[in-house]
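Only one structure is covered here, and it is reproduced in the block below.
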Number of protein chains: 2
Amino acid sequence: MANNIRGEIDEKKYGSKSLSLSNTGFCYCTYDDEGNPNAMTAAWGGICCSSPPCVAVSLRKATYTYGSLLAKKAFTLNIPSENFIKEADYFGLVSGKKENKFAHTGLTAVKSDLVDAPYIKEFPINLECKIINILEIGLHTQFIGEVLDAKIDDTLQEKGDHPLIEQIKPLIFAPESRSYHVVGKQIAQAFAIGNDTNIK
Amino acid sequence: MANNIRGEIDEKKYGSKSLSLSNTGFCYCTYDDEGNPNAMTAAWGGICCSSPPCVAVSLRKATYTYGSLLAKKAFTLNIPSENFIKEADYFGLVSGKKENKFAHTGLTAVKSDLVDAPYIKEFPINLECKIINILEIGLHTQFIGEVLDAKIDDTLQEKGDHPLIEQIKPLIFAPESRSYHVVGKQIAQAFAIGNDTNIK
């Protein structure tokens, strides 16, 4: 058995709170009613189905992106690398109601051929998504998008293989400490280390 | 403007695929029909609402946990630290139909006072969740659980403050490369670095 890092001290209740400690920083792009591209960073989201491939994102109604999602039924999910930490944070700080975020950052909004949404050319990964489900949960509304295509920077993709996390360098966002972290070193192969029969 | 790491090379299509590159490794616990505790690791899940605090997890119907979730309408989300990498991986490799995973690993299943599900005593964070929504998406079914309480190892929590990601040491799972990584160093404060007005 692995060490019990809790020792002999009983855990205490933290209260009703959603904790996940680490999230990948994702930026979501939409067109507004006037056809202007907008981008926002949101912490609550990720893959929710493998087939059809789908991603979920939860947003507050107060965001400018919320209205665009309802109107366009489409968005793109864009993964920033460490290089774009300022842009990713800015996208979460400022509302598209007040500023043209693409103009401010100088990033390039490319119109998707598949859905009515732009993607960020300079970010290494872009998923083009058609909204297939909307669920009102509470403060947040969850939008589920089917991924019609995933675009990956050619220079960062192994031929015929998966994109390398070490090359893409996605941002890890820790909500509780409001901090960004890099992905650290690989410590094990998944679906393998658990085969060790000497767990106890 | 940050460097364009894509350079002059156009991106190529990767196809219809859900990519997120990094996920936190979460272990979900349930009771089966006979009241036996079970645990599984699932990659697709995370926070989906702040108020009420809710987490989502997507599972295939083929999993043993799927039936338990339907029957009990409850689960716990448990965050393993690096110490428990073998157990976390094992929970994703083996079905609860075939093995008593708690007996095999020696971990302790504690019955929640709030929901009809056990949590893993040795893991530093446990969220006790009541299922409030079930959505059939495709290969995966998404279960949304309202977090009735979050338990955190006392020894790892700053007094009156948030749990420290550097102390909890959650596992980052990269689905494409099927690898586990540690959380790396903090590189910036969120909701701050984006205020730098010299992004361009």
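A note on labels: chains of the structure tokens are A, B, ... as shown, every chain counts residues from 1, and ligands are counted from 1 in their shown order.
Residues lying within 8 Å of Phe26 in chain A, counting only C-alpha atoms and ignoring same-chain neighbours fewer than 4 positions away, are Thr41, Ala42, Ala43, Gly45, Leu77, Asn78, Ile79, Pro80 and Ala88 of chain A.
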Output for the residues just chosen: all heavy atoms as a short mmCIF file (atom, residue, chain, number, x, y, z; two decimals), in the first residue's frame:
data_model
loop_
_atom_site.label_atom_id
_atom_site.label_comp_id
_atom_site.auth_asym_id
_atom_site.auth_seq_id
_atom_site.Cartn_x
_atom_site.Cartn_y
_atom_site.Cartn_z
N THR A 41 -11.60 32.98 -21.93
CA THR A 41 -11.02 31.84 -21.25
C THR A 41 -11.99 31.39 -20.17
O THR A 41 -12.55 32.21 -19.46
CB THR A 41 -9.67 32.23 -20.62
OG1 THR A 41 -8.82 32.72 -21.65
CG2 THR A 41 -9.00 31.04 -19.95
N ALA A 42 -12.24 30.09 -20.10
CA ALA A 42 -13.16 29.55 -19.10
C ALA A 42 -12.52 28.34 -18.44
O ALA A 42 -11.84 27.54 -19.10
CB ALA A 42 -14.50 29.17 -19.75
N ALA A 43 -12.74 28.23 -17.16
CA ALA A 43 -12.05 27.18 -16.40
C ALA A 43 -12.81 25.87 -16.35
O ALA A 43 -12.23 24.80 -16.20
CB ALA A 43 -11.80 27.66 -14.98
N GLY A 45 -14.55 23.11 -18.06
CA GLY A 45 -14.84 22.48 -19.34
C GLY A 45 -13.84 21.40 -19.67
O GLY A 45 -12.81 21.24 -19.00
N LEU A 77 -12.83 25.56 -29.46
CA LEU A 77 -12.02 25.44 -28.24
C LEU A 77 -10.57 25.52 -28.70
O LEU A 77 -10.14 24.74 -29.57
CB LEU A 77 -12.32 24.11 -27.55
CG LEU A 77 -11.62 23.83 -26.21
CD1 LEU A 77 -12.37 22.73 -25.44
CD2 LEU A 77 -10.16 23.40 -26.40
N ASN A 78 -9.84 26.44 -28.13
CA ASN A 78 -8.47 26.70 -28.53
C ASN A 78 -7.54 26.50 -27.33
O ASN A 78 -7.81 27.04 -26.25
CB ASN A 78 -8.34 28.12 -29.07
CG ASN A 78 -9.31 28.40 -30.20
OD1 ASN A 78 -8.99 28.24 -31.36
ND2 ASN A 78 -10.53 28.80 -29.86
N ILE A 79 -6.50 25.72 -27.52
CA ILE A 79 -5.58 25.44 -26.42
C ILE A 79 -4.35 26.32 -26.57
O ILE A 79 -3.60 26.20 -27.53
CB ILE A 79 -5.16 23.95 -26.39
CG1 ILE A 79 -6.41 23.07 -26.29
CG2 ILE A 79 -4.20 23.69 -25.24
CD1 ILE A 79 -6.11 21.58 -26.18
N PRO A 80 -4.15 27.24 -25.60
CA PRO A 80 -2.96 28.08 -25.66
C PRO A 80 -1.75 27.31 -25.14
O PRO A 80 -1.87 26.49 -24.22
CB PRO A 80 -3.29 29.23 -24.72
CG PRO A 80 -4.25 28.66 -23.72
CD PRO A 80 -5.00 27.55 -24.43
N ALA A 88 -4.16 34.43 -22.92
CA ALA A 88 -5.18 33.55 -22.32
C ALA A 88 -5.76 34.19 -21.07
O ALA A 88 -6.97 34.15 -20.82
CB ALA A 88 -4.57 32.19 -22.00
#
DSSP-assigned helix (DSSP H, G or I) among range 103-157 of chain B, expressed as a PyMOL selection string: chain B and resi 103-105+154-156
Okay, now the selection with N, CA and C atoms, as a compact mmCIF listing (two decimals), in the first residue's frame?
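Just written: selection-v5.txt:
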# COMPACT_ATOMS: atom_id res chain seq x y z
N ALA B 103 -10.08 -4.20 -1.70
CA ALA B 103 -9.34 -5.30 -1.07
C ALA B 103 -7.97 -5.43 -1.72
N HIS B 104 -7.92 -5.29 -3.03
CA HIS B 104 -6.65 -5.48 -3.75
C HIS B 104 -5.63 -4.40 -3.39
N THR B 105 -6.11 -3.18 -3.24
CA THR B 105 -5.17 -2.08 -3.00
C THR B 105 -4.92 -1.81 -1.52
N ASP B 154 -6.52 17.56 6.38
CA ASP B 154 -6.19 18.70 7.23
C ASP B 154 -4.74 19.12 7.13
N THR B 155 -3.89 18.14 6.99
CA THR B 155 -2.46 18.45 7.02
C THR B 155 -2.00 19.15 5.75
N LEU B 156 -2.86 19.16 4.74
CA LEU B 156 -2.47 19.73 3.45
C LEU B 156 -3.19 21.03 3.14
Sorted per-residue table, range 12-80 of chain A near range 171-192 of chain A, closest atoms and distance, 7 Å, only C-alpha atoms, as CSV:
residue,atom,partner,partner_atom,distance
A:Leu21,CA,A:Ala174,CA,5.2
A:Ser22,CA,A:Ala174,CA,4.7
A:Asn23,CA,A:Phe173,CA,5.1
A:Thr24,CA,A:Ile172,CA,4.7
A:Gly25,CA,A:Leu171,CA,5.4
A:Pro80,CA,A:Leu171,CA,6.9
Keeping only C-alpha atoms, take the residues you just selected and write them out as a short mmCIF file (atom, residue, chain, number, x, y, z; two decimals), in the first residue's frame.
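Result went into part23.cif, see below:
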data_model
loop_
_atom_site.label_atom_id
_atom_site.label_comp_id
_atom_site.auth_asym_id
_atom_site.auth_seq_id
_atom_site.Cartn_x
_atom_site.Cartn_y
_atom_site.Cartn_z
CA LEU A 21 -7.25 21.66 -8.33
CA SER A 22 -6.06 21.61 -11.90
CA ASN A 23 -7.67 22.43 -15.22
CA THR A 24 -6.28 23.00 -18.64
CA GLY A 25 -6.63 26.60 -19.74
CA PRO A 80 -2.96 28.08 -25.66
#
Residue with the minimum atom-to-atom distance to Gly92 in chain A, picked from A:Ile47, A:Ala39, A:Ile193, A:Val147 with only C-alpha atoms counted, is A:Ala39
12 Å contact set for Lys130 in chain B, only C-alpha atoms, chain neighbours under 2 positions out, as a short mmCIF file (atom, residue, chain, number, x, y, z; two decimals) with N, CA and C atoms, in the first residue's frame:
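File result22.cif, as written:
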data_model
loop_
_atom_site.label_atom_id
_atom_site.label_comp_id
_atom_site.auth_asym_id
_atom_site.auth_seq_id
_atom_site.Cartn_x
_atom_site.Cartn_y
_atom_site.Cartn_z
N SER A 16 -19.51 22.70 0.99
CA SER A 16 -20.01 22.39 -0.34
C SER A 16 -19.26 23.23 -1.36
N THR B 30 -18.39 4.30 -5.89
CA THR B 30 -19.82 3.97 -5.79
C THR B 30 -19.99 2.70 -4.96
N PRO B 52 -25.18 25.80 -7.79
CA PRO B 52 -24.59 24.90 -6.79
C PRO B 52 -23.31 24.30 -7.34
N PRO B 53 -22.36 23.96 -6.46
CA PRO B 53 -21.11 23.37 -6.93
C PRO B 53 -21.40 22.00 -7.53
N CYS B 54 -21.01 21.81 -8.77
CA CYS B 54 -21.30 20.56 -9.45
C CYS B 54 -20.09 20.07 -10.23
N VAL B 55 -19.95 18.76 -10.30
CA VAL B 55 -18.93 18.14 -11.14
C VAL B 55 -19.60 17.18 -12.10
N ALA B 56 -18.99 17.01 -13.26
CA ALA B 56 -19.51 16.10 -14.27
C ALA B 56 -18.52 14.97 -14.48
N LEU B 69 -24.19 4.03 -10.57
CA LEU B 69 -24.59 5.45 -10.60
C LEU B 69 -26.08 5.57 -10.85
N LEU B 70 -26.60 4.76 -11.78
CA LEU B 70 -28.04 4.79 -12.06
C LEU B 70 -28.84 4.37 -10.84
N ALA B 71 -28.35 3.37 -10.13
CA ALA B 71 -29.11 2.82 -9.00
C ALA B 71 -29.03 3.71 -7.76
N LYS B 72 -27.85 4.22 -7.48
CA LYS B 72 -27.63 4.93 -6.21
C LYS B 72 -27.78 6.45 -6.33
N LYS B 73 -27.70 6.96 -7.55
CA LYS B 73 -27.80 8.41 -7.78
C LYS B 73 -26.78 9.20 -6.95
N ALA B 74 -25.62 8.58 -6.77
CA ALA B 74 -24.59 9.22 -5.94
C ALA B 74 -23.22 8.69 -6.31
N PHE B 75 -22.21 9.51 -6.07
CA PHE B 75 -20.82 9.07 -6.22
C PHE B 75 -19.93 10.01 -5.42
N THR B 76 -18.70 9.61 -5.24
CA THR B 76 -17.70 10.55 -4.73
C THR B 76 -16.61 10.72 -5.78
N LEU B 77 -16.06 11.92 -5.83
CA LEU B 77 -14.91 12.20 -6.70
C LEU B 77 -13.72 12.32 -5.77
N SER B 112 -19.98 7.62 3.09
CA SER B 112 -20.33 9.03 3.22
C SER B 112 -21.56 9.17 4.11
N ASP B 113 -21.59 10.23 4.92
CA ASP B 113 -22.78 10.53 5.73
C ASP B 113 -23.85 11.22 4.90
N LEU B 114 -23.46 11.71 3.74
CA LEU B 114 -24.35 12.60 2.98
C LEU B 114 -24.97 11.94 1.76
N VAL B 115 -24.23 11.04 1.13
CA VAL B 115 -24.74 10.36 -0.07
C VAL B 115 -24.44 8.88 0.04
N ASP B 116 -25.14 8.09 -0.80
CA ASP B 116 -25.00 6.63 -0.73
C ASP B 116 -23.81 6.18 -1.58
N ALA B 117 -22.63 6.56 -1.14
CA ALA B 117 -21.39 6.23 -1.86
C ALA B 117 -20.23 6.29 -0.87
N LEU B 127 -14.90 14.57 -2.81
CA LEU B 127 -16.14 15.33 -3.02
C LEU B 127 -17.31 14.36 -3.00
N GLU B 128 -18.30 14.63 -2.15
CA GLU B 128 -19.47 13.75 -2.03
C GLU B 128 -20.61 14.34 -2.85
N ILE B 132 -27.65 14.92 -10.10
CA ILE B 132 -28.81 15.77 -10.40
C ILE B 132 -29.17 15.79 -11.88
N ASN B 133 -28.31 15.21 -12.72
CA ASN B 133 -28.64 15.15 -14.15
C ASN B 133 -27.87 14.02 -14.84
N ILE B 134 -28.56 13.35 -15.75
CA ILE B 134 -27.93 12.27 -16.54
C ILE B 134 -28.22 12.56 -18.00
N PHE B 143 -22.86 12.15 -16.20
CA PHE B 143 -23.55 12.27 -14.91
C PHE B 143 -23.07 13.56 -14.25
N ILE B 144 -24.02 14.39 -13.84
CA ILE B 144 -23.66 15.61 -13.10
C ILE B 144 -24.03 15.41 -11.64
N GLY B 145 -23.06 15.65 -10.77
CA GLY B 145 -23.28 15.49 -9.34
C GLY B 145 -23.13 16.81 -8.61
N GLU B 146 -24.09 17.10 -7.75
CA GLU B 146 -23.95 18.28 -6.91
C GLU B 146 -23.06 17.92 -5.72
N VAL B 147 -22.07 18.75 -5.46
CA VAL B 147 -21.12 18.48 -4.38
C VAL B 147 -21.74 18.92 -3.06
N LEU B 148 -22.10 17.94 -2.22
CA LEU B 148 -22.71 18.29 -0.93
C LEU B 148 -21.65 18.61 0.12
N ASP B 149 -20.49 17.99 -0.03
CA ASP B 149 -19.37 18.36 0.84
C ASP B 149 -18.05 18.00 0.16
#
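Nearest to chain A of all the residues B:Glu136, B:Glu99, B:Asp89, B:Glu34 is B:Asp89, based on only C-alpha atoms.
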